[in-house]
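Asks: Compact mmCIF, C-alpha atoms, saved as final_5.txt, coming up:
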# COMPACT_ATOMS: atom_id res chain seq x y z
CA MET A 1 -46.88 18.08 59.91
CA THR A 2 -43.40 18.40 61.38
CA ASP A 3 -41.56 20.89 63.57
CA VAL A 4 -38.42 20.37 61.50
CA LYS A 5 -37.54 23.42 59.43
CA TYR A 6 -36.44 22.57 55.90
CA THR A 7 -34.66 24.60 53.25
CA ILE A 8 -34.43 24.04 49.51
CA LYS A 9 -31.06 22.30 50.06
CA ASP A 10 -32.78 19.55 52.03
CA PHE A 11 -34.64 18.49 48.88
CA LYS A 12 -31.68 18.54 46.49
CA SER A 13 -29.98 15.22 45.79
CA GLU A 14 -26.26 14.69 45.17
CA ASN A 15 -26.82 13.72 41.54
CA GLU A 16 -25.64 15.93 38.70
CA VAL A 17 -28.60 17.60 37.01
CA ARG A 18 -28.52 16.58 33.35
CA TRP A 19 -30.79 19.01 31.60
CA CYS A 20 -29.68 21.37 28.87
CA ALA A 21 -28.41 24.75 30.05
CA GLY A 22 -31.33 27.16 30.12
CA CYS A 23 -34.02 24.46 30.18
CA GLY A 24 -37.25 25.50 31.90
CA ASP A 25 -37.11 22.29 33.94
CA PHE A 26 -34.56 23.90 36.28
CA ALA A 27 -37.03 26.61 37.30
CA ILE A 28 -39.83 24.12 37.83
CA MET A 29 -37.62 21.92 40.01
CA ASN A 30 -36.53 24.95 42.01
CA ALA A 31 -40.17 25.90 42.62
CA VAL A 32 -41.12 22.33 43.62
CA GLN A 33 -38.18 22.05 46.06
CA ARG A 34 -38.96 25.42 47.62
CA THR A 35 -42.62 24.46 47.95
CA MET A 36 -41.86 21.14 49.63
CA ALA A 37 -39.54 22.87 52.09
CA GLU A 38 -42.39 25.16 53.16
CA LEU A 39 -45.26 22.66 53.41
CA GLY A 40 -44.39 21.38 56.87
CA ILE A 41 -44.56 17.77 55.71
CA PRO A 42 -41.80 15.37 56.88
CA LYS A 43 -39.38 14.76 54.04
CA GLU A 44 -39.83 11.01 54.22
CA LYS A 45 -43.53 11.46 53.43
CA PHE A 46 -42.84 12.69 49.88
CA ALA A 47 -42.79 10.34 46.88
CA VAL A 48 -41.91 11.67 43.42
CA ILE A 49 -43.01 9.44 40.52
CA SER A 50 -42.18 9.99 36.85
CA GLY A 51 -42.53 8.32 33.47
CA ILE A 52 -40.20 8.89 30.51
CA GLY A 53 -38.98 12.18 29.08
CA CYS A 54 -36.71 15.05 30.05
CA SER A 55 -38.99 16.06 32.91
CA SER A 56 -39.12 12.47 34.11
CA ARG A 57 -35.49 12.58 35.29
CA PHE A 58 -36.89 14.61 38.17
CA PRO A 59 -36.74 11.86 40.88
CA TYR A 60 -32.94 11.58 40.49
CA TYR A 61 -32.57 15.21 41.51
CA MET A 62 -34.87 15.09 44.54
CA ASN A 63 -33.76 14.06 48.03
CA THR A 64 -37.06 12.25 48.59
CA PHE A 65 -38.43 8.83 47.84
CA GLY A 66 -38.87 8.45 44.09
CA PHE A 67 -39.56 6.07 41.24
CA HIS A 68 -38.54 6.62 37.62
CA THR A 69 -41.08 4.36 35.92
CA ILE A 70 -41.88 3.59 32.29
CA HIS A 71 -43.36 5.59 29.45
CA GLY A 72 -46.83 6.92 30.20
CA ARG A 73 -47.31 4.81 33.32
CA ALA A 74 -46.34 7.28 36.04
CA THR A 75 -49.96 8.07 36.95
CA ALA A 76 -50.88 4.38 37.16
CA ILE A 77 -47.94 3.54 39.42
CA ALA A 78 -48.49 6.67 41.51
CA SER A 79 -52.10 5.57 41.99
CA GLY A 80 -50.85 2.30 43.47
CA VAL A 81 -48.36 4.13 45.69
CA LYS A 82 -51.06 6.39 47.11
CA ALA A 83 -53.59 3.58 47.53
CA ALA A 84 -51.02 1.44 49.36
CA ASN A 85 -49.85 4.29 51.61
CA PRO A 86 -52.41 7.12 51.78
CA GLU A 87 -50.20 9.06 54.22
CA LEU A 88 -47.68 9.87 51.47
CA SER A 89 -47.65 13.14 49.57
CA VAL A 90 -47.37 11.79 46.02
CA TRP A 91 -46.15 13.98 43.15
CA VAL A 92 -46.14 12.93 39.49
CA MET A 93 -43.69 14.67 37.15
CA THR A 94 -44.67 14.20 33.53
CA GLY A 95 -44.48 15.86 30.13
CA ASP A 96 -47.03 16.61 27.43
CA GLY A 97 -45.90 13.54 25.48
CA ASP A 98 -45.63 11.20 28.47
CA ALA A 99 -49.04 12.18 29.88
CA MET A 100 -51.09 13.06 26.81
CA ALA A 101 -49.99 10.37 24.32
CA ILE A 102 -49.01 6.92 25.58
CA GLY A 103 -50.15 7.84 29.08
CA GLY A 104 -53.41 9.49 28.07
CA ASN A 105 -55.73 6.75 29.30
CA HIS A 106 -54.01 6.53 32.69
CA PHE A 107 -54.06 10.34 32.93
CA ILE A 108 -57.82 10.76 32.46
CA HIS A 109 -58.72 7.85 34.73
CA LEU A 110 -56.50 9.16 37.53
CA ILE A 111 -58.44 12.40 37.28
CA ARG A 112 -61.81 10.64 37.07
CA ARG A 113 -61.05 8.60 40.18
CA ASN A 114 -59.85 11.73 42.01
CA ILE A 115 -56.96 10.00 43.78
CA ASP A 116 -55.12 12.43 46.07
CA ILE A 117 -52.06 12.94 43.86
CA ASN A 118 -50.36 16.09 42.57
CA VAL A 119 -49.55 16.01 38.84
CA VAL A 120 -47.08 18.54 37.46
CA LEU A 121 -47.47 18.57 33.68
CA PHE A 122 -44.47 20.10 31.87
CA ASN A 123 -45.83 21.44 28.57
CA ASN A 124 -43.19 22.47 26.02
CA ARG A 125 -45.31 21.26 23.07
CA ILE A 126 -42.54 19.01 21.75
CA TYR A 127 -40.84 15.67 22.39
CA GLY A 128 -37.48 16.76 23.79
CA LEU A 129 -35.77 13.57 24.97
CA THR A 130 -36.39 11.79 21.65
CA LYS A 131 -35.10 14.80 19.73
CA GLY A 132 -37.83 17.02 18.44
CA GLN A 133 -40.96 15.23 17.25
CA TYR A 134 -44.31 17.03 17.52
CA SER A 135 -46.37 16.17 20.59
CA PRO A 136 -50.10 15.97 21.38
CA THR A 137 -50.03 19.65 22.43
CA SER A 138 -48.20 20.98 19.34
CA ASP A 139 -50.26 23.48 17.35
CA ARG A 140 -51.80 22.63 13.99
CA GLY A 141 -49.25 23.38 11.26
CA PHE A 142 -46.28 22.91 13.61
CA VAL A 143 -43.12 21.93 11.70
CA SER A 144 -40.95 19.26 13.32
CA LYS A 145 -38.86 16.20 12.42
CA THR A 146 -42.02 14.09 12.25
CA SER A 147 -44.12 16.81 10.59
CA PRO A 148 -41.76 18.48 8.08
CA PHE A 149 -44.69 20.02 6.20
CA GLY A 150 -46.63 20.95 9.32
CA THR A 151 -49.03 18.90 11.46
CA VAL A 152 -52.52 18.31 10.13
CA GLU A 153 -54.16 17.70 13.50
CA ASP A 154 -55.43 19.81 16.37
CA PRO A 155 -53.73 19.67 19.78
CA PHE A 156 -55.03 18.62 23.15
CA VAL A 157 -55.68 21.43 25.61
CA PRO A 158 -54.71 19.85 28.96
CA GLY A 159 -57.21 21.86 30.96
CA GLN A 160 -60.03 20.69 28.72
CA LEU A 161 -59.06 17.07 29.38
CA VAL A 162 -59.01 17.68 33.13
CA VAL A 163 -62.48 19.23 33.17
CA GLY A 164 -63.80 16.63 30.72
CA ALA A 165 -62.59 13.85 33.03
CA ARG A 166 -64.52 15.45 35.93
CA GLY A 167 -61.36 16.97 37.39
CA SER A 168 -61.57 18.73 40.73
CA PHE A 169 -58.37 20.81 40.48
CA TYR A 170 -56.58 22.46 37.59
CA ALA A 171 -54.02 25.27 37.62
CA ARG A 172 -51.64 26.80 35.10
CA SER A 173 -48.26 28.45 35.55
CA ILE A 174 -45.17 29.22 33.50
CA ASP A 175 -41.59 28.13 34.19
CA GLY A 176 -40.11 31.62 34.65
CA ASN A 177 -42.61 32.70 37.32
CA LEU A 178 -41.34 30.91 40.43
CA LYS A 179 -43.61 32.85 42.79
CA LEU A 180 -46.72 31.83 40.86
CA SER A 181 -45.56 28.21 40.53
CA GLN A 182 -44.90 27.94 44.26
CA SER A 183 -48.31 29.40 45.00
CA VAL A 184 -50.20 26.91 42.82
CA PHE A 185 -48.06 23.97 44.00
CA LYS A 186 -49.04 24.79 47.59
CA GLU A 187 -52.70 24.96 46.64
CA ALA A 188 -52.36 21.66 44.76
CA GLU A 189 -50.99 19.94 47.87
CA LYS A 190 -53.74 21.40 50.07
CA HIS A 191 -56.43 20.16 47.69
CA LYS A 192 -57.89 16.74 48.48
CA GLY A 193 -58.06 14.82 45.23
CA THR A 194 -56.16 14.82 41.95
CA SER A 195 -54.45 18.17 41.37
CA VAL A 196 -53.17 18.92 37.87
CA VAL A 197 -50.78 21.84 37.45
CA GLU A 198 -49.83 22.57 33.85
CA VAL A 199 -46.55 24.47 33.65
CA LEU A 200 -45.75 26.11 30.31
CA GLN A 201 -42.09 25.19 29.89
CA ASN A 202 -39.43 26.18 27.37
CA CYS A 203 -37.27 23.65 25.52
CA VAL A 204 -34.17 25.60 24.50
CA ILE A 205 -33.04 23.01 21.96
CA PHE A 206 -36.09 21.81 20.01
CA ASN A 207 -38.79 24.42 20.67
CA ASN A 208 -37.04 27.50 21.97
CA GLY A 209 -39.31 30.47 22.58
CA ILE A 210 -42.58 28.57 22.19
CA HIS A 211 -44.14 30.56 25.06
CA ASN A 212 -42.40 33.89 24.38
CA ALA A 213 -45.62 35.65 23.39
CA ILE A 214 -46.92 34.95 26.89
CA SER A 215 -43.71 35.41 28.89
CA ASP A 216 -42.21 38.48 27.14
CA PRO A 217 -41.61 41.00 29.98
CA ASN A 218 -42.68 43.88 27.72
CA HIS A 219 -46.13 42.41 27.16
CA ARG A 220 -46.89 39.80 29.83
CA ALA A 221 -49.02 42.16 31.94
CA ASP A 222 -51.41 42.45 29.00
CA ARG A 223 -51.19 38.81 27.99
CA GLN A 224 -51.49 37.02 31.33
CA LEU A 225 -54.45 37.02 33.67
CA ILE A 226 -53.26 35.93 37.13
CA LEU A 227 -56.37 34.58 38.84
CA GLU A 228 -56.85 34.96 42.58
CA GLN A 229 -59.73 33.48 44.52
CA GLY A 230 -62.42 36.03 45.36
CA LYS A 231 -60.76 38.85 43.43
CA PRO A 232 -61.82 40.63 40.21
CA MET A 233 -60.34 39.27 36.97
CA LEU A 234 -58.15 42.29 36.24
CA PHE A 235 -54.96 42.47 34.21
CA GLY A 236 -52.76 44.97 32.39
CA ALA A 237 -49.85 47.10 33.58
CA GLU A 238 -52.18 49.17 35.79
CA ASN A 239 -54.93 46.55 36.18
CA GLU A 240 -56.90 48.68 33.77
CA LYS A 241 -58.40 45.74 31.87
CA GLY A 242 -60.81 43.08 32.98
CA LEU A 243 -63.19 40.32 31.95
CA VAL A 244 -66.96 40.39 31.74
CA PHE A 245 -69.44 37.76 30.60
CA GLU A 246 -71.47 38.98 27.65
CA ASN A 247 -73.80 37.00 25.37
CA GLY A 248 -72.52 33.75 26.79
CA LYS A 249 -68.86 34.59 26.17
CA LEU A 250 -65.95 36.16 28.01
CA LYS A 251 -65.06 39.63 26.81
CA VAL A 252 -62.16 41.97 27.56
CA VAL A 253 -63.17 45.47 28.68
CA LYS A 254 -61.28 48.53 29.86
CA LEU A 255 -62.12 50.29 33.09
CA GLY A 256 -63.52 53.74 32.46
CA GLU A 257 -64.66 53.04 28.90
CA ASN A 258 -68.39 52.92 28.21
CA GLY A 259 -69.06 53.36 31.90
CA VAL A 260 -67.29 50.13 32.91
CA THR A 261 -66.24 50.04 36.58
CA GLU A 262 -64.52 47.40 38.71
CA ALA A 263 -67.97 46.37 39.96
CA ASP A 264 -68.72 45.07 36.44
CA ILE A 265 -65.68 42.77 36.36
CA LEU A 266 -66.10 39.06 36.99
CA VAL A 267 -64.88 37.81 40.37
CA HIS A 268 -62.93 34.55 40.27
CA ASP A 269 -64.42 31.56 42.06
CA ALA A 270 -62.35 28.41 41.58
CA THR A 271 -64.71 26.53 43.91
CA GLU A 272 -67.77 26.82 41.64
CA VAL A 273 -68.88 23.27 40.82
CA ASP A 274 -70.33 24.22 37.43
CA PRO A 275 -67.27 24.14 35.11
CA THR A 276 -68.70 26.49 32.46
CA LEU A 277 -66.70 29.57 33.41
CA HIS A 278 -63.60 27.54 34.29
CA MET A 279 -63.63 26.00 30.82
CA ALA A 280 -64.02 29.44 29.25
CA LEU A 281 -60.96 30.64 31.19
CA ILE A 282 -58.97 27.57 30.11
CA ASN A 283 -59.87 28.21 26.47
CA MET A 284 -58.72 31.85 26.35
CA GLN A 285 -55.94 32.37 23.81
CA LEU A 286 -53.82 35.16 22.40
CA PRO A 287 -54.12 37.54 20.65
CA ASP A 288 -57.75 38.36 21.48
CA MET A 289 -57.71 37.20 25.09
CA PRO A 290 -55.10 36.91 27.85
CA VAL A 291 -53.91 33.48 28.98
CA ALA A 292 -55.37 32.49 32.36
CA MET A 293 -52.82 31.63 35.04
CA GLY A 294 -53.11 30.45 38.63
CA VAL A 295 -55.68 28.11 40.16
CA ILE A 296 -58.56 27.93 37.70
CA ARG A 297 -60.58 25.13 39.30
CA ALA A 298 -60.55 23.73 42.86
CA VAL A 299 -63.78 22.04 43.88
CA PRO A 300 -64.47 19.49 46.62
CA ALA A 301 -65.22 15.96 45.44
CA PRO A 302 -65.06 12.41 46.88
CA VAL A 303 -61.46 11.20 47.08
CA TYR A 304 -60.76 7.67 45.83
CA ASP A 305 -58.11 6.63 48.33
CA VAL A 306 -60.16 7.96 51.26
CA GLU A 307 -63.30 6.19 50.02
CA MET A 308 -61.37 2.96 49.41
CA GLU A 309 -59.83 2.95 52.89
CA ALA A 310 -63.21 3.62 54.50
CA GLN A 311 -64.82 0.82 52.48
CA ILE A 312 -62.12 -1.68 53.50
CA LYS A 313 -62.59 -0.83 57.19
CA ALA A 314 -66.37 -1.14 56.89
CA VAL A 315 -66.12 -4.55 55.21
CA GLN A 316 -63.59 -5.76 57.78
CA GLN A 317 -66.05 -5.02 60.58
CA THR A 318 -68.88 -7.00 59.03
CA ARG A 319 -67.14 -9.82 57.17
CA LYS A 320 -67.74 -13.43 58.20
CA ALA A 321 -64.34 -14.73 57.07
CA SER A 322 -61.31 -13.49 59.00
CA CYS A 323 -58.65 -15.17 56.86
CA VAL A 324 -58.15 -16.66 53.39
CA ASP A 325 -58.63 -20.26 54.63
CA GLU A 326 -62.02 -19.38 56.08
CA LEU A 327 -62.99 -17.64 52.86
CA LEU A 328 -62.01 -20.64 50.69
CA ASN A 329 -63.93 -23.02 52.93
CA SER A 330 -67.09 -20.92 53.19
CA GLY A 331 -70.32 -21.29 51.22
CA ASN A 332 -70.84 -24.30 48.95
CA THR A 333 -67.71 -26.47 48.89
CA TRP A 334 -66.83 -29.78 47.23
CA GLU A 335 -64.44 -32.47 48.36
CA VAL A 336 -63.24 -34.76 45.55
CA THR A 337 -61.73 -38.13 46.53
CA GLY A 338 -61.07 -41.49 44.87
CA ASN A 339 -60.13 -42.06 41.23
CA GLY A 340 -62.22 -39.24 39.80
CA ASN A 341 -65.05 -41.44 38.44
CA GLY A 342 -67.59 -39.12 40.01
CA THR A 343 -68.78 -41.57 42.72
CA ASP A 344 -66.87 -40.12 45.64
CA LYS A 345 -67.87 -36.41 45.57
CA LYS A 346 -68.99 -34.90 48.86
CA CYS A 347 -70.97 -31.69 49.05
CA SER A 348 -71.34 -29.43 52.06
Turn the structure described in the file into structure tokens.
Replies:
Amino acid sequence: MTDVKYTIKDFKSENEVRWCAGCGDFAIMNAVQRTMAELGIPKEKFAVISGIGCSSRFPYYMNTFGFHTIHGRATAIASGVKAANPELSVWVMTGDGDAMAIGGNHFIHLIRRNIDINVVLFNNRIYGLTKGQYSPTSDRGFVSKTSPFGTVEDPFVPGQLVVGARGSFYARSIDGNLKLSQSVFKEAEKHKGTSVVEVLQNCVIFNNGIHNAISDPNHRADRQLILEQGKPMLFGAENEKGLVFENGKLKVVKLGENGVTEADILVHDATEVDPTLHMALINMQLPDMPVAMGVIRAVPAPVYDVEMEAQIKAVQQTRKASCVDELLNSGNTWEVTGNGNGTDKKCS
């Protein structure tokens, strides 16, 4: 921690921001910069790593250390950054195409290893930088330049991948809600292990309005469930609706109907190790259910970089060889001399 007081300006670079006017990326960057300014971490301790895509221009716009890497490899390179310097606060900025397609294998293994990295996944359900192809999160039937008659495949649900890869932290936000995004970004940084924050983001050029059903101000109170640790799962304009678990499934109920009271409503516990309820929250979809927002899962688990550092120190204390020369000359060694006819070998 540092006594230096930062503002959002301290995290803005001098580079011109080259995103389309109205892009949801602006709001996400604003939330990230505000969050970093409030974390109390020295600015030189931040490293922002990205792959390829519109969101991956992020490091150019941050006044921090950064690395604009190659397509799909941001999580792999960020893993090396964190392993080499565990004191850094490492943030990966990636899109649904960058992370879920070419980077899919790196993505799930980062999560499985639980390296202490924060992943911000921009999900606009389209390839924006390469001009409008469908992505791994595009809905079945989605019409695009590469699916003119509609896709014939089902999309990934990022939260499902996180839980399936034994993820310890998953949260969801939406680009227009800066307060919510800042809140989950702070929780992601506090969490020890891989934190994945999916941000539903609008692409004004190739997929404009893709999240309107969720973000529409006239309906969002009924269509978004903002989860808070230890609080009942209530939503609606007057918090008059809630969730209960019935016959093995989540169900929406209304307070006051059929004798339902607040005491009947499920209380959110992101720290529950059993992922059953977390997965049910991730899977909720309109129109029958609200979309879950906030920190859905945050459970303690062994952290790769911590375990690796501890293992290295333990081995260093007990090892017999103190340098490479000693290692190469330890155990069974052979010295070969002469003309190589096999008569001059010496064994030790």
Asks: Nearest to A:Gly51: which of A:Val291, A:Ala310, A:Ala74, A:Ile205 is it, counting only C-alpha atoms?
Replies: A:Ala74
Asks: Which residue gives the smallest distance to A:Asn114 among A:Val324, A:Ala165, A:Ile226, A:Leu250, with only C-alpha atoms counted?
Replies: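 Of A:Val324, A:Ala165, A:Ile226, A:Leu250, the one nearest A:Asn114 is A:Ala165, counting only C-alpha atoms.
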Asks: Between atom CA of A:Phe122 and atom CA of A:Ser55, what distance in Å does the model show, to one decimal?
Replies: 6.9 Å
Asks: Could you list, as a ChimeraX atom specification, every residue within 10 Å of A:Asn85, counting all atoms listed in the file and ignoring same-chain residues fewer than 6 positions away?
Replies: /A:45,79,305
Asks: Restricting the calculation to all atoms listed in the file, which member of A:Val4, A:Val152, A:Ala321, A:Leu88 is positioned closest to A:Asp139?
Replies: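 For A:Asp139, the nearest of the given residues is A:Val152.
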Asks: Write out as a list in words the residues lying within 10 Å of A:Lys231, counting all atoms listed in the file and excluding same-chain residues fewer than 3 positions away.
Replies: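 My list of contacting residues is Leu227, Glu228, Leu234, Ile265, Leu266, Val267, His268 and Asp269 of chain A.
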Asks: Here is a test: counting all atoms listed in the file, which residue of A:Thr137, A:Thr271, A:Ser195, A:Asp116 is nearest to A:Ala83?
Replies: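 Under the stated criterion, the closest residue is A:Asp116.
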Asks: Please identify all polymer residues within 10 Å of A:Thr194, counting only C-alpha atoms, omitting same-chain residues fewer than 4 positions from it, and present them as a compact mmCIF listing (two decimals) with C-alpha atoms, keeping the file's coordinate frame.
Replies:
# COMPACT_ATOMS: atom_id res chain seq x y z
CA LEU A 110 -56.50 9.16 37.53
CA ILE A 111 -58.44 12.40 37.28
CA ARG A 112 -61.81 10.64 37.07
CA ARG A 113 -61.05 8.60 40.18
CA ASN A 114 -59.85 11.73 42.01
CA ILE A 115 -56.96 10.00 43.78
CA ASP A 116 -55.12 12.43 46.07
CA ILE A 117 -52.06 12.94 43.86
CA ASN A 118 -50.36 16.09 42.57
CA VAL A 119 -49.55 16.01 38.84
CA VAL A 162 -59.01 17.68 33.13
CA GLY A 167 -61.36 16.97 37.39
CA SER A 168 -61.57 18.73 40.73
CA PHE A 169 -58.37 20.81 40.48
CA TYR A 170 -56.58 22.46 37.59
CA ALA A 188 -52.36 21.66 44.76
CA GLU A 189 -50.99 19.94 47.87
CA ALA A 298 -60.55 23.73 42.86
CA ALA A 301 -65.22 15.96 45.44
CA VAL A 303 -61.46 11.20 47.08
CA TYR A 304 -60.76 7.67 45.83
